[in-house]
2 protein chains.
Amino acid sequence: MSRDAEIVQRLQALAEITRLGIVRRLASGERCVCDLQSDLGASQSRLSFHLKKLKAAGLIVDRPEGRWVYYRLAPGVLDDVRGILGALSHEVDEWDHNTGSCCGGDEC
Amino acid sequence: MSRDAEIVQRLQALAEITRLGIVRRLASGERCVCDLQSDLGASQSRLSFHLKKLKAAGLIVDRPEGRWVYYRLAPGVLDDVRGILGALSHEVDEWDHNTGSCCGGDEC
DNA sequence: CCAATTGATCAACACATGTTGATGGGAGAG
DNA sequence: CTCTCCCATCAACATGTGTTGATCAATTGG
């Protein structure tokens with residue numbers, strides 16, 4: 001998978017209200033699905049669907065233990081995403097109002 | 001629109017390969033649609049569609065001038081998104097392996 | 001005025017995504 | 001073993017998203 005596809009997948013994983021809630025919840029520590037279920041008021045099936053997305057994007061990791069499966073944030077991944085956005089917004093500082101001409105130059 | 005919905009909309013706007021390319025391109029300065037068209041090799045209709053999404057999310061702003069419409073990054077918005085992600089990943093530092101019990105406590 | 005250019009918008013289509021309710025499987029309790 | 005709990009998975013459905021090709025409005029140039 002290309003780097004860009006990976007970034008897109010991670011951003012997309014975060015770009016959903018339920019999953020954002022899950023990530024926010026996991027930010028304070030490991031939780032099992034049943035915890036998230038009561039915290040977020042979401043059905044078990046729905047949570048499982050979203051956890052799968054987050055896991056596929058590498059944002060969370062699971063730890064099965066007995067009957068339960070504990071989820072937590074994958075270390076460093078959120079900061080990695082932040083780094084990408086930082087690299088994007090960084091160049092805008094030295095922005096010149098008329099850096100380039102339209103349509104490649106002399107024609108416009 | 002709630003704060004969370006706004007964040008989701010912005011993340012979602014970034015979570016697409018064409019739009020990520022647009023943002024990356026605009027990071028180095030203002031561009032008109034015809035510039036992006038040749039840079040990204042995308043059709044005019046497709047670009048217009050994605051630019052509309054980015055604009056609706058508040059990530060870019062437009063500046064009509066004559067026949068052309070110039071787009072550029074909205075200042076501060078990318079950093080705002082970064083700030084959100086930073087707030088999320090921040091709490092994970094003080095993570096305790098067994099912070100909470102499952103399912104609210106005494107039952108598991 | 002007429003023609004060309006830029007870009008927004010539309011309809012139509014294919015495909016992806018999120019939800020619900022049901023089913024199944026593994027682990028532990030009785 | 002049987003029953004229950006936790007969780008993943010599935011089918012079915014509704015909705016959202018991205019693409020193409022056509023059309024339209026506004027601007028500019030001849």
# chains A, B, ... in the order shown; residues from 1 in each chain; ligands from 1
call {"tool": "residues_around", "arguments": {"residues": "stretch 9-26 of chain C", "least_positions_apart": "4", "cutoff": "10 Å", "atoms": "only C-alpha atoms (C1' of nucleotides)", "output": "PyMOL selection string"}}
result
(chain A and resi 16+43+45-46+49-50+66-67) or (chain B and resi 45+48-49) or (chain D and resi 6-24)
call {"tool": "residues_around", "arguments": {"residues": "A:Ala15", "least_positions_apart": "2", "cutoff": "10 Å", "atoms": "only C-alpha atoms (C1' of nucleotides)", "output": "list of chain:residue names"}}
result
A:Gln9, A:Arg10, A:Leu11, A:Gln12, A:Ala13, A:Ile17, A:Thr18, A:Arg19, A:Leu20, B:Asp4, B:Ala5, B:Ile7, B:Val8, B:Gln9, B:Arg10, B:Leu11, B:Gln12, B:Ala13, B:Leu14, B:Ala15
call {"tool": "write_last_selection", "arguments": {"atoms": "N, CA and C atoms", "output": "JSON list (two decimals), in the first residue's frame"}}
result
[["chain", "number", "residue", "atom", "x", "y", "z"],
["A", 9, "GLN", "N", -6.37, 6.24, 4.29],
["A", 9, "GLN", "CA", -7.10, 5.26, 5.08],
["A", 9, "GLN", "C", -7.20, 5.68, 6.55],
["A", 10, "ARG", "N", -6.11, 6.23, 7.07],
["A", 10, "ARG", "CA", -6.11, 6.65, 8.46],
["A", 10, "ARG", "C", -7.01, 7.86, 8.69],
["A", 11, "LEU", "N", -6.93, 8.81, 7.77],
["A", 11, "LEU", "CA", -7.80, 9.98, 7.89],
["A", 11, "LEU", "C", -9.27, 9.56, 7.78],
["A", 12, "GLN", "N", -9.51, 8.66, 6.86],
["A", 12, "GLN", "CA", -10.88, 8.20, 6.67],
["A", 12, "GLN", "C", -11.39, 7.45, 7.90],
["A", 13, "ALA", "N", -10.50, 6.71, 8.53],
["A", 13, "ALA", "CA", -10.88, 5.99, 9.74],
["A", 13, "ALA", "C", -11.28, 6.97, 10.85],
["A", 17, "ILE", "N", -18.07, 9.95, 13.10],
["A", 17, "ILE", "CA", -18.37, 10.41, 14.45],
["A", 17, "ILE", "C", -18.26, 9.31, 15.50],
["A", 18, "THR", "N", -18.71, 8.11, 15.16],
["A", 18, "THR", "CA", -18.62, 7.01, 16.12],
["A", 18, "THR", "C", -17.17, 6.62, 16.37],
["A", 19, "ARG", "N", -16.39, 6.55, 15.29],
["A", 19, "ARG", "CA", -14.99, 6.15, 15.44],
["A", 19, "ARG", "C", -14.18, 7.22, 16.15],
["A", 20, "LEU", "N", -14.52, 8.48, 15.91],
["A", 20, "LEU", "CA", -13.85, 9.56, 16.64],
["A", 20, "LEU", "C", -14.13, 9.41, 18.13],
["B", 4, "ASP", "N", -17.84, 18.55, 16.85],
["B", 4, "ASP", "CA", -17.45, 17.22, 16.37],
["B", 4, "ASP", "C", -17.82, 17.02, 14.91],
["B", 5, "ALA", "N", -18.98, 17.47, 14.53],
["B", 5, "ALA", "CA", -19.40, 17.33, 13.14],
["B", 5, "ALA", "C", -18.46, 18.11, 12.23],
["B", 7, "ILE", "N", -15.28, 18.76, 12.84],
["B", 7, "ILE", "CA", -14.02, 18.01, 12.78],
["B", 7, "ILE", "C", -14.13, 16.84, 11.82],
["B", 8, "VAL", "N", -15.23, 16.12, 11.95],
["B", 8, "VAL", "CA", -15.45, 14.96, 11.06],
["B", 8, "VAL", "C", -15.47, 15.41, 9.60],
["B", 9, "GLN", "N", -16.15, 16.52, 9.34],
["B", 9, "GLN", "CA", -16.24, 17.02, 7.97],
["B", 9, "GLN", "C", -14.86, 17.37, 7.43],
["B", 10, "ARG", "N", -14.03, 17.96, 8.27],
["B", 10, "ARG", "CA", -12.69, 18.34, 7.82],
["B", 10, "ARG", "C", -11.81, 17.13, 7.59],
["B", 11, "LEU", "N", -11.88, 16.17, 8.50],
["B", 11, "LEU", "CA", -11.10, 14.95, 8.32],
["B", 11, "LEU", "C", -11.55, 14.22, 7.06],
["B", 12, "GLN", "N", -12.85, 14.20, 6.88],
["B", 12, "GLN", "CA", -13.40, 13.51, 5.71],
["B", 12, "GLN", "C", -12.98, 14.20, 4.42],
["B", 13, "ALA", "N", -12.91, 15.51, 4.47],
["B", 13, "ALA", "CA", -12.48, 16.25, 3.29],
["B", 13, "ALA", "C", -11.04, 15.91, 2.93],
["B", 14, "LEU", "N", -10.23, 15.67, 3.94],
["B", 14, "LEU", "CA", -8.82, 15.34, 3.70],
["B", 14, "LEU", "C", -8.64, 13.87, 3.32],
["B", 15, "ALA", "N", -9.64, 13.05, 3.63],
["B", 15, "ALA", "CA", -9.48, 11.60, 3.49],
["B", 15, "ALA", "C", -9.85, 11.11, 2.10]]
call {"tool": "interface_residues", "arguments": {"of": "chain C", "to": "chain B", "cutoff": "8 Å", "atoms": "only C-alpha atoms (C1' of nucleotides)", "output": "mmCIF file with N, CA and C atoms (P, O5', C5', C4', C3', O3' and C1' of nucleotides), in the first residue's frame"}}
result
data_model
loop_
_atom_site.group_PDB
_atom_site.id
_atom_site.type_symbol
_atom_site.label_atom_id
_atom_site.label_comp_id
_atom_site.auth_asym_id
_atom_site.auth_seq_id
_atom_site.Cartn_x
_atom_site.Cartn_y
_atom_site.Cartn_z
ATOM 1 P P DT C 5 -10.682 27.946 -26.862
ATOM 2 O "O5'" DT C 5 -10.747 28.434 -25.352
ATOM 3 C "C5'" DT C 5 -10.202 29.699 -25.010
ATOM 4 C "C4'" DT C 5 -10.560 30.045 -23.586
ATOM 5 C "C3'" DT C 5 -10.395 28.896 -22.586
ATOM 6 O "O3'" DT C 5 -9.693 29.349 -21.439
ATOM 7 C "C1'" DT C 5 -12.533 29.846 -22.377
ATOM 8 P P DT C 6 -8.981 28.341 -20.441
ATOM 9 O "O5'" DT C 6 -9.828 28.534 -19.099
ATOM 10 C "C5'" DT C 6 -9.909 29.815 -18.498
ATOM 11 C "C4'" DT C 6 -11.006 29.830 -17.451
ATOM 12 C "C3'" DT C 6 -10.985 28.630 -16.490
ATOM 13 O "O3'" DT C 6 -10.823 29.092 -15.155
ATOM 14 C "C1'" DT C 6 -13.171 29.033 -17.319
ATOM 15 P P DG C 7 -10.463 28.078 -13.974
ATOM 16 O "O5'" DG C 7 -11.915 27.695 -13.441
ATOM 17 C "C5'" DG C 7 -12.761 28.722 -12.963
ATOM 18 C "C4'" DG C 7 -14.178 28.229 -12.854
ATOM 19 C "C3'" DG C 7 -14.384 26.947 -12.017
ATOM 20 O "O3'" DG C 7 -15.357 27.185 -11.043
ATOM 21 C "C1'" DG C 7 -15.581 26.822 -14.019
ATOM 22 P P DA C 8 -15.525 26.226 -9.801
ATOM 23 O "O5'" DA C 8 -17.107 26.169 -9.672
ATOM 24 C "C5'" DA C 8 -17.856 27.370 -9.761
ATOM 25 C "C4'" DA C 8 -19.291 27.072 -10.156
ATOM 26 C "C3'" DA C 8 -19.954 25.963 -9.329
ATOM 27 O "O3'" DA C 8 -21.236 26.378 -8.913
ATOM 28 C "C1'" DA C 8 -20.080 25.455 -11.649
#
call {"tool": "residues_around", "arguments": {"residues": "D:DC3", "least_positions_apart": "2", "cutoff": "12 Å", "atoms": "only C-alpha atoms (C1' of nucleotides)", "output": "PyMOL selection string"}}
result
(chain C and resi 28-30) or (chain D and resi 1+5)
call {"tool": "residues_around", "arguments": {"residues": "B:Tyr71", "least_positions_apart": "4", "cutoff": "10 Å", "atoms": "only C-alpha atoms (C1' of nucleotides)", "output": "PyMOL selection string"}}
result
chain B and resi 22-23+26+29-33+36+51+55+60-64
call {"tool": "atom_distance", "arguments": {"atom1": "atom CA of A:Ala57", "atom2": "atom CA of B:Arg72"}}
result
29.2 Å
call {"tool": "interface_residues", "arguments": {"of": "chain D", "to": "chain B", "cutoff": "8 Å", "atoms": "only C-alpha atoms (C1' of nucleotides)", "output": "list in words"}}
result
DT19, DA26, DT27 and DT28 of chain D
call {"tool": "select_by_dssp", "arguments": {"residues": "chain B", "states": "strand (DSSP E)", "output": "PyMOL selection string"}}
result
chain B and resi 31-32+60-65+68-73
call {"tool": "atom_distance", "arguments": {"atom1": "atom CA of B:Asp79", "atom2": "atom CA of A:Arg3"}}
result
21.1 Å
call {"tool": "closest_residue", "arguments": {"among": "B:Ala27, B:Leu59, B:Gly41, B:Ser2", "to": "chain A", "atoms": "only C-alpha atoms"}}
result
B:Ala27
call {"tool": "residues_around", "arguments": {"residues": "stretch 81-91 of chain B", "least_positions_apart": "3", "cutoff": "6 Å", "atoms": "only C-alpha atoms (C1' of nucleotides)", "output": "number ranges by chain"}}
result
A: 24, 27-28, 82; B: 78
call {"tool": "write_last_selection", "arguments": {"atoms": "C-alpha atoms", "output": "PDB file, in the first residue's frame"}}
result
ATOM      1  CA  ARG A  24     -11.357   9.663  22.137  1.00  0.00           C
ATOM      2  CA  ALA A  27      -7.157   7.908  24.506  1.00  0.00           C
ATOM      3  CA  SER A  28      -7.672   7.535  28.241  1.00  0.00           C
ATOM      4  CA  ARG A  82      -0.415  14.881  12.720  1.00  0.00           C
TER       5      ARG A  82
ATOM      6  CA  LEU B  78      -5.021  22.492   9.020  1.00  0.00           C
TER       7      LEU B  78
END
call {"tool": "closest_residue", "arguments": {"among": "B:Tyr70, B:Leu40, B:Met1, B:Gly58", "to": "chain A", "atoms": "only C-alpha atoms"}}
result
B:Tyr70
call {"tool": "select_by_dssp", "arguments": {"residues": "chain B", "states": "alpha helix (DSSP H)", "output": "JSON, numbers by chain"}}
result
{"B": [3, 4, 5, 6, 7, 8, 9, 10, 11, 12, 13, 14, 17, 18, 19, 20, 21, 22, 23, 24, 25, 26, 33, 34, 35, 36, 37, 38, 39, 40, 44, 45, 46, 47, 48, 49, 50, 51, 52, 53, 54, 55, 56, 77, 78, 79, 80, 81, 82, 83, 84, 85, 86, 87, 88, 89, 90]}
